[in-house]
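Participant: Dropping the structure in here first, questions after.
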Amino acid sequence: MAPMPSAYERLRAHLRETAVLSSCSRILGWDRETYLPRGATGLRADQTALLARLAHERRTSPALRDLLAEAREACPERDSPRAANVREAQREFERATRIPAALIEERARLTTLARQAWLDARAKRQFGIFLPWLGKIVQLCRDEAEALDPPGEAYDAHLDEYEPGATAKEIEAVLSPLRDALAALLRRVLASGKRLPDAPVRGDFPVEGQRRLSGRVLEAIGFDFSRGRTDLTAHAFCGGMGPFDVRLSSRFDPGFLVDGFFGTLHEGGHGLYEQGLDPDEFGMPCGTACSLGIHESQSRLWENLVGRSRAFWRHFLPAARKEFPDALRDVTPDALHGALNGIQPTFIRVDADELTYNLHICLRFDLERALLSGDLDATDLPQAWNDGFERLLGIRPAHDADGCLQDIHWSAGLVGYFPTYTLGNLYGAQIFERAREELGDLDAAFARGEFLPLRDWLREKIYRHGMRYPAKDLVARITGNPPSPRPLLTHLERRCAELYG
Ligand code: ZN
C-alpha cells in the first residue's frame, strides 16, 4: 500500500487544482478580449461566474482550512520554499474568508453599475454622473478594510492585495522624496526650453510591419512562442496561465510607431516573468508572481530601460528601416532616441513619458488614500485633482475627462492599485542597476542583439522564486539595499541631462 501523502502534499494538490480551475477562467477571459463572437457574451458571463464561484468555494473551503492547519504544524525551517508556500497560502485563505459573501456580491454588483456610470460620465465630461457611485465604491472599500482588519490604516488592506505586505506608510516614504525630486527635474527640463518632437515616429507604419518587428523583438528578448502567442485586441494585455501558456495582446496605430511597439514590449516583459515561473510550483505561491509591483518592474525594465535605450536601437534600427523604409529613411539614431524619450507634461496618464508618469501616480496615491480615510470627500475630488495636478505638473485640466475621470480603476473598485505602477518603475531601475554591475557592458551586448543574458539573470534572480520572498525583501536580496527611489532618479537625471543638457 502506498504511504498516505503528507498534509503538505495534499495542500499542494488542492492549490494546484484551484489554479487549474482559475486558468480556465483566464483563458475564457482572454478569448472574450480576442475572438469571442458577440452573440456568445451572455453564455460567457455565465461560464465565468460559475468558474469564479467554484474557485471561491475551493479557496474558502473547510478542507483547505484543515490542510493549512496540519501543514503549518509540520512545517520545517522558516526560510524554505515550503514554508513560503504555507505562509502565503494561509494569507490568501484569510483574505478570502474574512470578507463576508454579502460584500463580495456587493462588489460584483456595484462595480458593474459604476463602470457604466463612469463611461457615461467620462463621455459627457460630467463628474456628477459618477459621483454617487464613487461614494458607494469608497464606502465598500472601507467596509472590506474593516472586515480584513489590517494592523495599520484601512488603505493597507487593499494595498495588500496587489503588493502583499506593503503599507501606505512605506509607500509614502519612497514616493514623497521621488515626487519632490521629479517635480524639480521636470522644472529644469521645461526651463531648458528644448522640445524633442515625436515626428520621427509618426508617419506611415503599417500594422503588419509593426507586428513583424514586435515579433522579432519578442523573440530576441527570449519570449518562447511554443509556450505563448500574440494576438490583436482593443487593449494591450498579458494573460498568464502559468509558465506553460502566456497570451500577449497588442494594438497598433498605423500612423504612430510608439504605442503598439512599446505596448508589445511592455507586455512581453510581463510574459517573460510568467514563462520563467517554476513549472513544478504551478499553483503554489512559489510558482506565482511576487506582487504587481515586481510584475510591473519586469514590463517597465524591458520597455523603458532596454527598449528606449540607444543601444537597443543601434541593433534594431536597420530591421525597423526594412519594415518602414519611407517613414524611417532619414531618421538618425539621435533623432529617434529623442523622439522616444521626450518629456512633456500631459493630462492623460497612459500617454505620459517616463518621468511625468510617476507624478501622475503620486497624485492618485495621495487622493485615493485621502478618500478612504475620509480626509477627502468624493464631492471635492475634481477640485483636489486639478489643484494637485497643477502643483505637480504645471498644467490644469480643462475638464474632468482629462482629470479625475480618465482611469477605469476607481470605477472597478481598484483602490490601492495605482502605486504598484511606480513601484514597478522604482524596483525596475534598482534591479537593472544591479544587472549592469553583474553582467558587464549591457549596452554593448544590446547593440549586438544579445538580450538573453539579461533574461536569464532575471529568471535566476526573480522569476523562479515566485512569492518566496515579499517584494521588498526580494529587491533587497538582489540589490543589497531596500527599495529606494535613488536608482530611478539617477536613471532619469542621466537621461534628461543627455537629452536636455
Ligand atoms: Zn504592465
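Just remember, in the C-alpha cells the first chain shown is A, the second B, etc., residues are 1-based per chain, and ligands are 1-based in the order shown.
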Can you list every residue in range 99-314 of chain A that DSSP puts in strand (DSSP E or B), as a PyMOL selection string?
Facilitator: chain A and resi 202+228-232+237-240+246-250+253+256
Participant: Atoms to include: N, CA and C atoms. Write the selected residues as a tab-separated table (two decimals), in the first residue's frame.
Facilitator:
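For reference, out-v6.tsv as written:
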```tsv
chain	number	residue	atom	x	y	z
A	202	ARG	N	6.12	59.28	-36.14
A	202	ARG	CA	4.79	59.43	-36.74
A	202	ARG	C	4.93	59.36	-38.25
A	228	GLY	N	3.41	30.32	-25.74
A	228	GLY	CA	2.71	31.59	-25.72
A	228	GLY	C	2.41	32.06	-27.12
A	229	ARG	N	1.62	33.12	-27.24
A	229	ARG	CA	1.32	33.65	-28.55
A	229	ARG	C	0.92	35.13	-28.43
A	230	THR	N	0.82	35.80	-29.58
A	230	THR	CA	0.38	37.19	-29.57
A	230	THR	C	-0.84	37.33	-30.48
A	231	ASP	N	-1.74	38.22	-30.09
A	231	ASP	CA	-2.94	38.48	-30.87
A	231	ASP	C	-3.26	39.97	-30.82
A	232	LEU	N	-4.21	40.38	-31.65
A	232	LEU	CA	-4.63	41.79	-31.65
A	232	LEU	C	-5.87	41.97	-30.79
A	237	PHE	N	-2.63	43.60	-23.32
A	237	PHE	CA	-2.53	42.95	-22.01
A	237	PHE	C	-1.71	41.68	-22.11
A	238	CYS	N	-1.38	41.12	-20.95
A	238	CYS	CA	-0.69	39.83	-20.89
A	238	CYS	C	-1.53	38.92	-20.02
A	239	GLY	N	-2.01	37.82	-20.61
A	239	GLY	CA	-2.81	36.86	-19.85
A	239	GLY	C	-1.96	35.65	-19.54
A	240	GLY	N	-1.69	35.42	-18.26
A	240	GLY	CA	-0.81	34.32	-17.90
A	240	GLY	C	-1.60	33.13	-17.36
A	246	VAL	N	1.24	31.64	-22.16
A	246	VAL	CA	1.18	33.08	-21.90
A	246	VAL	C	0.68	33.80	-23.15
A	247	ARG	N	-0.43	34.50	-23.01
A	247	ARG	CA	-1.05	35.18	-24.16
A	247	ARG	C	-0.80	36.69	-24.09
A	248	LEU	N	-0.11	37.19	-25.10
A	248	LEU	CA	0.11	38.63	-25.18
A	248	LEU	C	-0.84	39.20	-26.21
A	249	SER	N	-1.31	40.41	-25.96
A	249	SER	CA	-2.12	41.03	-27.00
A	249	SER	C	-1.68	42.47	-27.18
A	250	SER	N	-1.84	42.96	-28.39
A	250	SER	CA	-1.36	44.30	-28.73
A	250	SER	C	-2.39	45.03	-29.56
A	253	ASP	N	-1.28	51.35	-33.99
A	253	ASP	CA	-1.78	52.53	-34.70
A	253	ASP	C	-0.92	52.70	-35.95
A	256	PHE	N	1.53	55.71	-36.02
A	256	PHE	CA	2.36	56.04	-34.86
A	256	PHE	C	3.04	54.76	-34.39
```
Participant: Collect all residues with atoms no farther than 8 Å from ligand 1, counting only C-alpha atoms and all ligand atoms, and output them as a PyMOL selection string.
Facilitator: chain A and resi 237+266-267+270+295-296+299-300+421
Participant: Quick one: contact table of range 201-304 of chain A to range 456-479 of chain A, 10 Å max, nearest atom pair and distance in Å to one decimal per residue, counting only C-alpha atoms, chain and number order, as CSV?
Facilitator:
```
residue,atom,partner,partner_atom,distance
A:Ile221,CA,A:Asp456,CA,9.9
A:Gly222,CA,A:Asp456,CA,8.9
A:Leu272,CA,A:Tyr463,CA,8.3
A:Tyr273,CA,A:Tyr463,CA,5.4
A:Glu274,CA,A:Tyr463,CA,7.4
A:Gln275,CA,A:Tyr463,CA,8.3
A:Gly276,CA,A:Tyr463,CA,5.2
A:Leu277,CA,A:Arg464,CA,4.8
A:Asp278,CA,A:Arg464,CA,5.1
A:Pro279,CA,A:Arg464,CA,8.9
A:Glu281,CA,A:Gly466,CA,8.8
A:Phe282,CA,A:Gly466,CA,9.9
A:Met284,CA,A:Gly466,CA,8.8
A:Pro285,CA,A:Met467,CA,5.3
A:Cys286,CA,A:Gly466,CA,4.4
A:Gly287,CA,A:Gly466,CA,5.0
A:Thr288,CA,A:Gly466,CA,4.8
A:Ala289,CA,A:Gly466,CA,4.7
A:Cys290,CA,A:Met467,CA,4.2
A:Ser291,CA,A:Ala471,CA,6.5
A:Leu292,CA,A:Ala471,CA,9.2
A:Gly293,CA,A:Ala471,CA,7.7
A:Ile294,CA,A:Ala471,CA,6.6
A:His295,CA,A:Tyr463,CA,9.4
A:Gln298,CA,A:Leu458,CA,8.6
```
Participant: With N, CA, C and O atoms retained, export the selected residues as a tab-separated table (two decimals), in the first residue's frame.
Facilitator:
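result-v2.tsv, written as the output of this step:
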```
chain	number	residue	atom	x	y	z
A	221	ILE	N	14.29	38.92	-27.13
A	221	ILE	CA	14.41	39.04	-25.67
A	221	ILE	C	14.09	37.71	-24.98
A	221	ILE	O	14.19	37.61	-23.77
A	222	GLY	N	13.70	36.70	-25.76
A	222	GLY	CA	13.58	35.37	-25.19
A	222	GLY	C	12.16	34.91	-24.89
A	222	GLY	O	11.95	33.95	-24.15
A	272	LEU	N	7.65	37.33	-20.09
A	272	LEU	CA	8.89	36.63	-19.73
A	272	LEU	C	8.83	36.19	-18.27
A	272	LEU	O	9.29	35.09	-17.91
A	273	TYR	N	8.30	37.07	-17.42
A	273	TYR	CA	8.16	36.73	-15.99
A	273	TYR	C	7.28	35.49	-15.84
A	273	TYR	O	7.65	34.51	-15.18
A	274	GLU	N	6.12	35.51	-16.48
A	274	GLU	CA	5.19	34.37	-16.36
A	274	GLU	C	5.82	33.08	-16.88
A	274	GLU	O	5.70	32.02	-16.28
A	275	GLN	N	6.52	33.20	-18.05
A	275	GLN	CA	7.13	31.99	-18.61
A	275	GLN	C	8.29	31.49	-17.76
A	275	GLN	O	8.65	30.32	-17.84
A	276	GLY	N	8.87	32.38	-16.96
A	276	GLY	CA	10.02	31.99	-16.15
A	276	GLY	C	9.67	31.47	-14.77
A	276	GLY	O	10.56	31.10	-14.00
A	277	LEU	N	8.36	31.44	-14.44
A	277	LEU	CA	7.96	30.88	-13.14
A	277	LEU	C	8.28	29.39	-13.12
A	277	LEU	O	8.33	28.74	-14.17
A	278	ASP	N	8.49	28.86	-11.94
A	278	ASP	CA	8.89	27.45	-11.80
A	278	ASP	C	7.70	26.53	-12.11
A	278	ASP	O	6.71	26.54	-11.38
A	279	PRO	N	7.78	25.73	-13.20
A	279	PRO	CA	6.63	24.89	-13.57
A	279	PRO	C	6.27	23.86	-12.49
A	279	PRO	O	5.11	23.49	-12.35
A	281	GLU	N	6.16	24.38	-9.46
A	281	GLU	CA	5.43	25.07	-8.38
A	281	GLU	C	4.13	25.68	-8.91
A	281	GLU	O	3.56	26.56	-8.27
A	282	PHE	N	3.67	25.22	-10.08
A	282	PHE	CA	2.44	25.77	-10.65
A	282	PHE	C	1.29	25.71	-9.63
A	282	PHE	O	1.03	24.65	-9.05
A	284	MET	N	1.20	27.02	-6.76
A	284	MET	CA	1.69	27.32	-5.41
A	284	MET	C	2.11	28.80	-5.38
A	284	MET	O	2.48	29.36	-6.40
A	285	PRO	N	2.14	29.41	-4.20
A	285	PRO	CA	2.67	30.77	-4.12
A	285	PRO	C	4.07	30.89	-4.72
A	285	PRO	O	4.38	31.86	-5.41
A	286	CYS	N	4.92	29.90	-4.50
A	286	CYS	CA	6.28	29.99	-5.06
A	286	CYS	C	6.31	29.86	-6.58
A	286	CYS	O	7.35	30.09	-7.20
A	287	GLY	N	5.18	29.50	-7.18
A	287	GLY	CA	5.08	29.46	-8.64
A	287	GLY	C	4.20	30.58	-9.16
A	287	GLY	O	3.71	30.52	-10.29
A	288	THR	N	3.96	31.59	-8.32
A	288	THR	CA	3.08	32.70	-8.66
A	288	THR	C	3.87	34.00	-8.53
A	288	THR	O	4.69	34.12	-7.62
A	289	ALA	N	3.61	34.96	-9.43
A	289	ALA	CA	4.37	36.21	-9.40
A	289	ALA	C	4.31	36.87	-8.03
A	289	ALA	O	3.27	36.84	-7.35
A	290	CYS	N	5.41	37.48	-7.65
A	290	CYS	CA	5.60	38.02	-6.30
A	290	CYS	C	4.59	39.09	-5.91
A	290	CYS	O	3.96	39.02	-4.85
A	291	SER	N	4.42	40.08	-6.76
A	291	SER	CA	3.49	41.18	-6.48
A	291	SER	C	3.28	41.94	-7.79
A	291	SER	O	4.03	41.75	-8.75
A	292	LEU	N	2.27	42.81	-7.80
A	292	LEU	CA	2.06	43.61	-9.02
A	292	LEU	C	3.23	44.55	-9.26
A	292	LEU	O	3.60	44.81	-10.40
A	293	GLY	N	3.81	45.08	-8.18
A	293	GLY	CA	4.96	45.98	-8.33
A	293	GLY	C	6.13	45.28	-8.98
A	293	GLY	O	6.77	45.81	-9.89
A	294	ILE	N	6.43	44.05	-8.55
A	294	ILE	CA	7.53	43.30	-9.16
A	294	ILE	C	7.16	42.94	-10.61
A	294	ILE	O	8.00	43.02	-11.51
A	295	HIS	N	5.90	42.57	-10.83
A	295	HIS	CA	5.49	42.27	-12.21
A	295	HIS	C	5.72	43.47	-13.10
A	295	HIS	O	6.31	43.38	-14.19
A	298	GLN	N	9.19	44.28	-14.25
A	298	GLN	CA	9.70	43.50	-15.38
A	298	GLN	C	9.24	44.06	-16.72
A	298	GLN	O	10.00	44.12	-17.68
```
Participant: Near Ser373 in chain A, within 8 Å and counting only C-alpha atoms, which residues show up once chain neighbours fewer than 5 positions away are dropped, as a list in words?
Facilitator: Glu153, Ala154 and Tyr155 of chain A
Participant: Restricting the output to all heavy atoms, write the selected residues as a short mmCIF file (atom, residue, chain, number, x, y, z; two decimals), in the first residue's frame.
Facilitator:
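Full text of selection-v7.cif as output:
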```cif
data_model
loop_
_atom_site.label_atom_id
_atom_site.label_comp_id
_atom_site.auth_asym_id
_atom_site.auth_seq_id
_atom_site.Cartn_x
_atom_site.Cartn_y
_atom_site.Cartn_z
N GLU A 153 -3.56 51.42 8.69
CA GLU A 153 -4.74 52.12 8.18
C GLU A 153 -5.52 51.27 7.17
O GLU A 153 -5.00 50.26 6.64
CB GLU A 153 -4.33 53.44 7.54
CG GLU A 153 -3.37 53.30 6.38
CD GLU A 153 -2.82 54.66 5.92
OE1 GLU A 153 -3.54 55.36 5.20
OE2 GLU A 153 -1.68 55.01 6.29
N ALA A 154 -6.77 51.70 6.89
CA ALA A 154 -7.66 50.95 6.01
C ALA A 154 -7.02 50.72 4.64
O ALA A 154 -7.17 49.64 4.04
CB ALA A 154 -8.99 51.69 5.85
N TYR A 155 -6.29 51.69 4.15
CA TYR A 155 -5.68 51.60 2.82
C TYR A 155 -4.80 50.36 2.69
O TYR A 155 -4.74 49.73 1.64
CB TYR A 155 -4.85 52.87 2.57
CG TYR A 155 -4.37 53.03 1.14
CD1 TYR A 155 -5.20 53.58 0.16
CD2 TYR A 155 -3.09 52.64 0.78
CE1 TYR A 155 -4.75 53.72 -1.14
CE2 TYR A 155 -2.64 52.79 -0.52
CZ TYR A 155 -3.47 53.33 -1.48
OH TYR A 155 -3.03 53.47 -2.77
#
```
Participant: Which residues are close to Thr379 in chain A, i.e. within 10 Å by only C-alpha atoms, leaving aside same-chain residues fewer than 5 positions away? Reply as a list of chain:residue names.
Facilitator: A:Phe127, A:Gly128, A:Leu131, A:Pro132, A:Leu134, A:Gly135, A:Ala384
Participant: Go through A:Phe446, A:Trp133, A:Phe205, A:Phe244 one by one, measure the shortest atom-to-atom distance of each to Gly307 in chain A using only C-alpha atoms, and give the residue with the smallest value.
Facilitator: A:Phe446
Participant: A:Ala108, A:Cys141, A:Leu148, A:Ala370: which is nearest Glu92 in chain A, counting only C-alpha atoms?
Facilitator: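 Between A:Ala108, A:Cys141, A:Leu148, A:Ala370, the residue approaching Glu92 in chain A most closely is A:Leu148.
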Participant: Here is a test: counting only C-alpha atoms, which residue of A:Ala435, A:Ala234, A:Ala166, A:Leu182 is nearest to Thr420 in chain A?
Facilitator: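 Counting only C-alpha atoms, the residue closest to Thr420 in chain A is A:Ala166.
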Participant: So how many Å separate CA of Ser22 in chain A and CA of Ser61 in chain A, to one decimal?
Facilitator: 15.7 Å
Participant: Identify, on the basis of only C-alpha atoms, every residue whose closest approach to range 42-59 of chain A does not exceed 7 Å; exclude the query and any residue fewer than 3 positions from it along the same chain; express the result as a list of chain:residue names.
Facilitator: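 The filter keeps A:Thr18, A:Leu21, A:Ser22, A:Ser25, A:Phe93, A:Ala96.
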Participant: Could those selected residues go to a file with N, CA, C and O atoms, as an mmCIF file, in the first residue's frame?
Facilitator:
```cif
data_model
loop_
_atom_site.group_PDB
_atom_site.id
_atom_site.type_symbol
_atom_site.label_atom_id
_atom_site.label_comp_id
_atom_site.auth_asym_id
_atom_site.auth_seq_id
_atom_site.Cartn_x
_atom_site.Cartn_y
_atom_site.Cartn_z
ATOM 1 N N THR A 18 -7.019 24.212 -7.784
ATOM 2 C CA THR A 18 -7.641 25.542 -7.825
ATOM 3 C C THR A 18 -7.019 26.380 -8.941
ATOM 4 O O THR A 18 -7.725 27.107 -9.648
ATOM 5 N N LEU A 21 -8.357 25.360 -12.284
ATOM 6 C CA LEU A 21 -9.695 25.931 -12.451
ATOM 7 C C LEU A 21 -9.597 27.407 -12.851
ATOM 8 O O LEU A 21 -10.255 27.866 -13.782
ATOM 9 N N SER A 22 -8.746 28.154 -12.139
ATOM 10 C CA SER A 22 -8.594 29.589 -12.443
ATOM 11 C C SER A 22 -8.023 29.801 -13.835
ATOM 12 O O SER A 22 -8.368 30.779 -14.504
ATOM 13 N N SER A 25 -10.760 30.051 -16.268
ATOM 14 C CA SER A 25 -11.389 31.383 -16.298
ATOM 15 C C SER A 25 -10.540 32.347 -17.093
ATOM 16 O O SER A 25 -11.048 33.167 -17.852
ATOM 17 N N PHE A 93 -5.856 32.530 2.159
ATOM 18 C CA PHE A 93 -7.057 31.924 2.739
ATOM 19 C C PHE A 93 -7.756 32.928 3.666
ATOM 20 O O PHE A 93 -8.973 33.091 3.623
ATOM 21 N N ALA A 96 -9.500 35.586 1.692
ATOM 22 C CA ALA A 96 -10.705 35.077 1.018
ATOM 23 C C ALA A 96 -11.838 34.808 2.005
ATOM 24 O O ALA A 96 -13.007 34.950 1.661
#
```
Participant: Find the residue from A:Leu359, A:Ala145, A:Leu28, A:Ala2 that sits nearest to Glu161 in chain A; use only C-alpha atoms when measuring.
Facilitator: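 Closest to Glu161 in chain A of all the choices is A:Ala145.
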Participant: Out of A:Thr34, A:Asn386, A:Thr41, A:Gln344, which residue has the shortest atom-to-atom distance to Ala191 in chain A when counting only C-alpha atoms?
Facilitator: A:Gln344
Participant: Pull the alpha helix (DSSP H) assignments for range 237-342 of chain A out of DSSP run on the backbone, and list those residues as a PyMOL selection string.
Facilitator: chain A and resi 258-275+292-300+310-323+325-328+333-341
Participant: Which residues are near Arg95 in chain A? Cut-off 12 Å, only C-alpha atoms, ignore same chain within fewer than 3 positions. Put them as a PDB file with N, CA, C and O atoms, in the first residue's frame.
Facilitator:
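Listing of result_8.pdb after writing:
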```pdb
ATOM      1  N   HIS A  56     -13.904  30.202  -5.735  1.00  0.00           N
ATOM      2  CA  HIS A  56     -14.055  30.820  -4.410  1.00  0.00           C
ATOM      3  C   HIS A  56     -14.377  29.758  -3.349  1.00  0.00           C
ATOM      4  O   HIS A  56     -13.852  29.799  -2.235  1.00  0.00           O
ATOM      5  N   ARG A  59     -11.238  28.121  -2.465  1.00  0.00           N
ATOM      6  CA  ARG A  59     -10.308  28.982  -1.724  1.00  0.00           C
ATOM      7  C   ARG A  59     -10.741  29.211  -0.280  1.00  0.00           C
ATOM      8  O   ARG A  59      -9.949  29.678   0.533  1.00  0.00           O
ATOM      9  N   THR A  60     -12.019  28.929   0.010  1.00  0.00           N
ATOM     10  CA  THR A  60     -12.513  29.212   1.363  1.00  0.00           C
ATOM     11  C   THR A  60     -12.997  27.939   2.059  1.00  0.00           C
ATOM     12  O   THR A  60     -13.646  28.017   3.097  1.00  0.00           O
ATOM     13  N   GLU A  88       2.072  31.931   2.526  1.00  0.00           N
ATOM     14  CA  GLU A  88       1.290  32.723   1.576  1.00  0.00           C
ATOM     15  C   GLU A  88      -0.090  32.119   1.326  1.00  0.00           C
ATOM     16  O   GLU A  88      -1.062  32.842   1.133  1.00  0.00           O
ATOM     17  N   ALA A  89      -0.175  30.794   1.325  1.00  0.00           N
ATOM     18  CA  ALA A  89      -1.486  30.155   1.147  1.00  0.00           C
ATOM     19  C   ALA A  89      -2.391  30.512   2.331  1.00  0.00           C
ATOM     20  O   ALA A  89      -3.592  30.751   2.165  1.00  0.00           O
ATOM     21  N   GLN A  90      -1.806  30.573   3.513  1.00  0.00           N
ATOM     22  CA  GLN A  90      -2.558  30.958   4.711  1.00  0.00           C
ATOM     23  C   GLN A  90      -3.046  32.411   4.580  1.00  0.00           C
ATOM     24  O   GLN A  90      -4.201  32.730   4.880  1.00  0.00           O
ATOM     25  N   ARG A  91      -2.165  33.280   4.117  1.00  0.00           N
ATOM     26  CA  ARG A  91      -2.519  34.699   3.962  1.00  0.00           C
ATOM     27  C   ARG A  91      -3.684  34.848   2.981  1.00  0.00           C
ATOM     28  O   ARG A  91      -4.649  35.567   3.226  1.00  0.00           O
ATOM     29  N   GLU A  92      -3.614  34.107   1.862  1.00  0.00           N
ATOM     30  CA  GLU A  92      -4.674  34.191   0.868  1.00  0.00           C
ATOM     31  C   GLU A  92      -5.986  33.607   1.394  1.00  0.00           C
ATOM     32  O   GLU A  92      -7.062  34.122   1.118  1.00  0.00           O
ATOM     33  N   ARG A  98     -12.244  36.238   5.186  1.00  0.00           N
ATOM     34  CA  ARG A  98     -12.636  37.319   6.089  1.00  0.00           C
ATOM     35  C   ARG A  98     -13.703  38.235   5.504  1.00  0.00           C
ATOM     36  O   ARG A  98     -14.447  38.876   6.240  1.00  0.00           O
ATOM     37  N   ILE A  99     -13.742  38.327   4.190  1.00  0.00           N
ATOM     38  CA  ILE A  99     -14.743  39.214   3.587  1.00  0.00           C
ATOM     39  C   ILE A  99     -16.060  38.453   3.442  1.00  0.00           C
ATOM     40  O   ILE A  99     -16.118  37.417   2.786  1.00  0.00           O
ATOM     41  N   PRO A 100     -17.134  38.953   4.072  1.00  0.00           N
ATOM     42  CA  PRO A 100     -18.406  38.239   4.018  1.00  0.00           C
ATOM     43  C   PRO A 100     -18.972  38.166   2.595  1.00  0.00           C
ATOM     44  O   PRO A 100     -18.727  39.067   1.784  1.00  0.00           O
ATOM     45  N   ILE A 104     -18.855  40.532  -1.079  1.00  0.00           N
ATOM     46  CA  ILE A 104     -18.336  40.051  -2.369  1.00  0.00           C
ATOM     47  C   ILE A 104     -19.386  40.280  -3.464  1.00  0.00           C
ATOM     48  O   ILE A 104     -19.081  40.757  -4.556  1.00  0.00           O
ATOM     49  N   GLU A 144     -14.804  46.623   3.356  1.00  0.00           N
ATOM     50  CA  GLU A 144     -13.902  45.485   3.138  1.00  0.00           C
ATOM     51  C   GLU A 144     -12.677  45.591   4.049  1.00  0.00           C
ATOM     52  O   GLU A 144     -12.225  44.604   4.629  1.00  0.00           O
ATOM     53  N   ALA A 145     -12.152  46.808   4.156  1.00  0.00           N
ATOM     54  CA  ALA A 145     -10.968  47.006   5.000  1.00  0.00           C
ATOM     55  C   ALA A 145     -11.309  46.665   6.448  1.00  0.00           C
ATOM     56  O   ALA A 145     -10.498  46.061   7.164  1.00  0.00           O
ATOM     57  N   GLU A 146     -12.506  47.031   6.861  1.00  0.00           N
ATOM     58  CA  GLU A 146     -12.903  46.729   8.244  1.00  0.00           C
ATOM     59  C   GLU A 146     -12.948  45.218   8.466  1.00  0.00           C
ATOM     60  O   GLU A 146     -12.502  44.714   9.485  1.00  0.00           O
ATOM     61  N   ALA A 147     -13.477  44.501   7.453  1.00  0.00           N
ATOM     62  CA  ALA A 147     -13.539  43.038   7.575  1.00  0.00           C
ATOM     63  C   ALA A 147     -12.143  42.429   7.592  1.00  0.00           C
ATOM     64  O   ALA A 147     -11.872  41.452   8.289  1.00  0.00           O
ATOM     65  N   LEU A 148     -11.240  43.007   6.818  1.00  0.00           N
ATOM     66  CA  LEU A 148      -9.877  42.451   6.743  1.00  0.00           C
ATOM     67  C   LEU A 148      -9.033  42.870   7.944  1.00  0.00           C
ATOM     68  O   LEU A 148      -8.071  42.190   8.307  1.00  0.00           O
ATOM     69  N   ASP A 149      -9.407  44.016   8.510  1.00  0.00           N
ATOM     70  CA  ASP A 149      -8.830  44.469   9.767  1.00  0.00           C
ATOM     71  C   ASP A 149      -7.294  44.466   9.797  1.00  0.00           C
ATOM     72  O   ASP A 149      -6.670  43.763  10.598  1.00  0.00           O
ATOM     73  N   PRO A 150      -6.675  45.279   8.932  1.00  0.00           N
ATOM     74  CA  PRO A 150      -5.199  45.323   8.937  1.00  0.00           C
ATOM     75  C   PRO A 150      -4.692  46.031  10.198  1.00  0.00           C
ATOM     76  O   PRO A 150      -5.438  46.807  10.793  1.00  0.00           O
ATOM     77  N   ALA A 157      -5.204  47.441   3.759  1.00  0.00           N
ATOM     78  CA  ALA A 157      -5.950  46.218   3.458  1.00  0.00           C
ATOM     79  C   ALA A 157      -6.053  46.016   1.949  1.00  0.00           C
ATOM     80  O   ALA A 157      -6.015  44.888   1.455  1.00  0.00           O
ATOM     81  N   HIS A 158      -6.189  47.103   1.222  1.00  0.00           N
ATOM     82  CA  HIS A 158      -6.323  47.000  -0.235  1.00  0.00           C
ATOM     83  C   HIS A 158      -4.967  46.871  -0.917  1.00  0.00           C
ATOM     84  O   HIS A 158      -4.791  46.083  -1.835  1.00  0.00           O
ATOM     85  N   ASP A 160      -2.485  45.461   0.219  1.00  0.00           N
ATOM     86  CA  ASP A 160      -2.005  44.098   0.480  1.00  0.00           C
ATOM     87  C   ASP A 160      -2.437  43.105  -0.605  1.00  0.00           C
ATOM     88  O   ASP A 160      -1.785  42.090  -0.820  1.00  0.00           O
ATOM     89  N   GLU A 161      -3.542  43.415  -1.275  1.00  0.00           N
ATOM     90  CA  GLU A 161      -3.987  42.501  -2.320  1.00  0.00           C
ATOM     91  C   GLU A 161      -3.040  42.555  -3.524  1.00  0.00           C
ATOM     92  O   GLU A 161      -2.813  41.545  -4.193  1.00  0.00           O
ATOM     93  N   PRO A 164       1.611  42.414  -1.625  1.00  0.00           N
ATOM     94  CA  PRO A 164       1.478  41.764  -0.322  1.00  0.00           C
ATOM     95  C   PRO A 164       2.507  42.266   0.699  1.00  0.00           C
ATOM     96  O   PRO A 164       3.696  42.362   0.399  1.00  0.00           O
TER      97      PRO A 164
END
```
Participant: I want to know what sits within 10 Å of Arg314 in chain A, based on only C-alpha atoms, with residues of the same chain fewer than 3 positions away left out; could you give that as JSON, numbers by chain?
Facilitator: {"A": [309, 310, 311, 317, 318, 333, 443, 444, 446, 447, 448, 449]}
Participant: Go ahead and compute the interatomic distance for CA of Asp353 in chain A and CA of Pro325 in chain A, in Å to one decimal.
Facilitator: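 Going from CA of Asp353 in chain A over to CA of Pro325 in chain A covers 26.6 Å.
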Participant: Give the answer as one residue: which of A:Gln139, A:Leu218, A:Glu208, A:Trp313 has the shortest atom-to-atom distance to Arg455 in chain A, using only C-alpha atoms?
Facilitator: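 For Arg455 in chain A, the nearest of the candidates is A:Leu218.
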Participant: In Å, rounded to a single decimal, give me how far CA of Arg107 in chain A is from CA of Val138 in chain A.
Facilitator: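 Going from CA of Val138 in chain A over to CA of Arg107 in chain A covers 11.0 Å.
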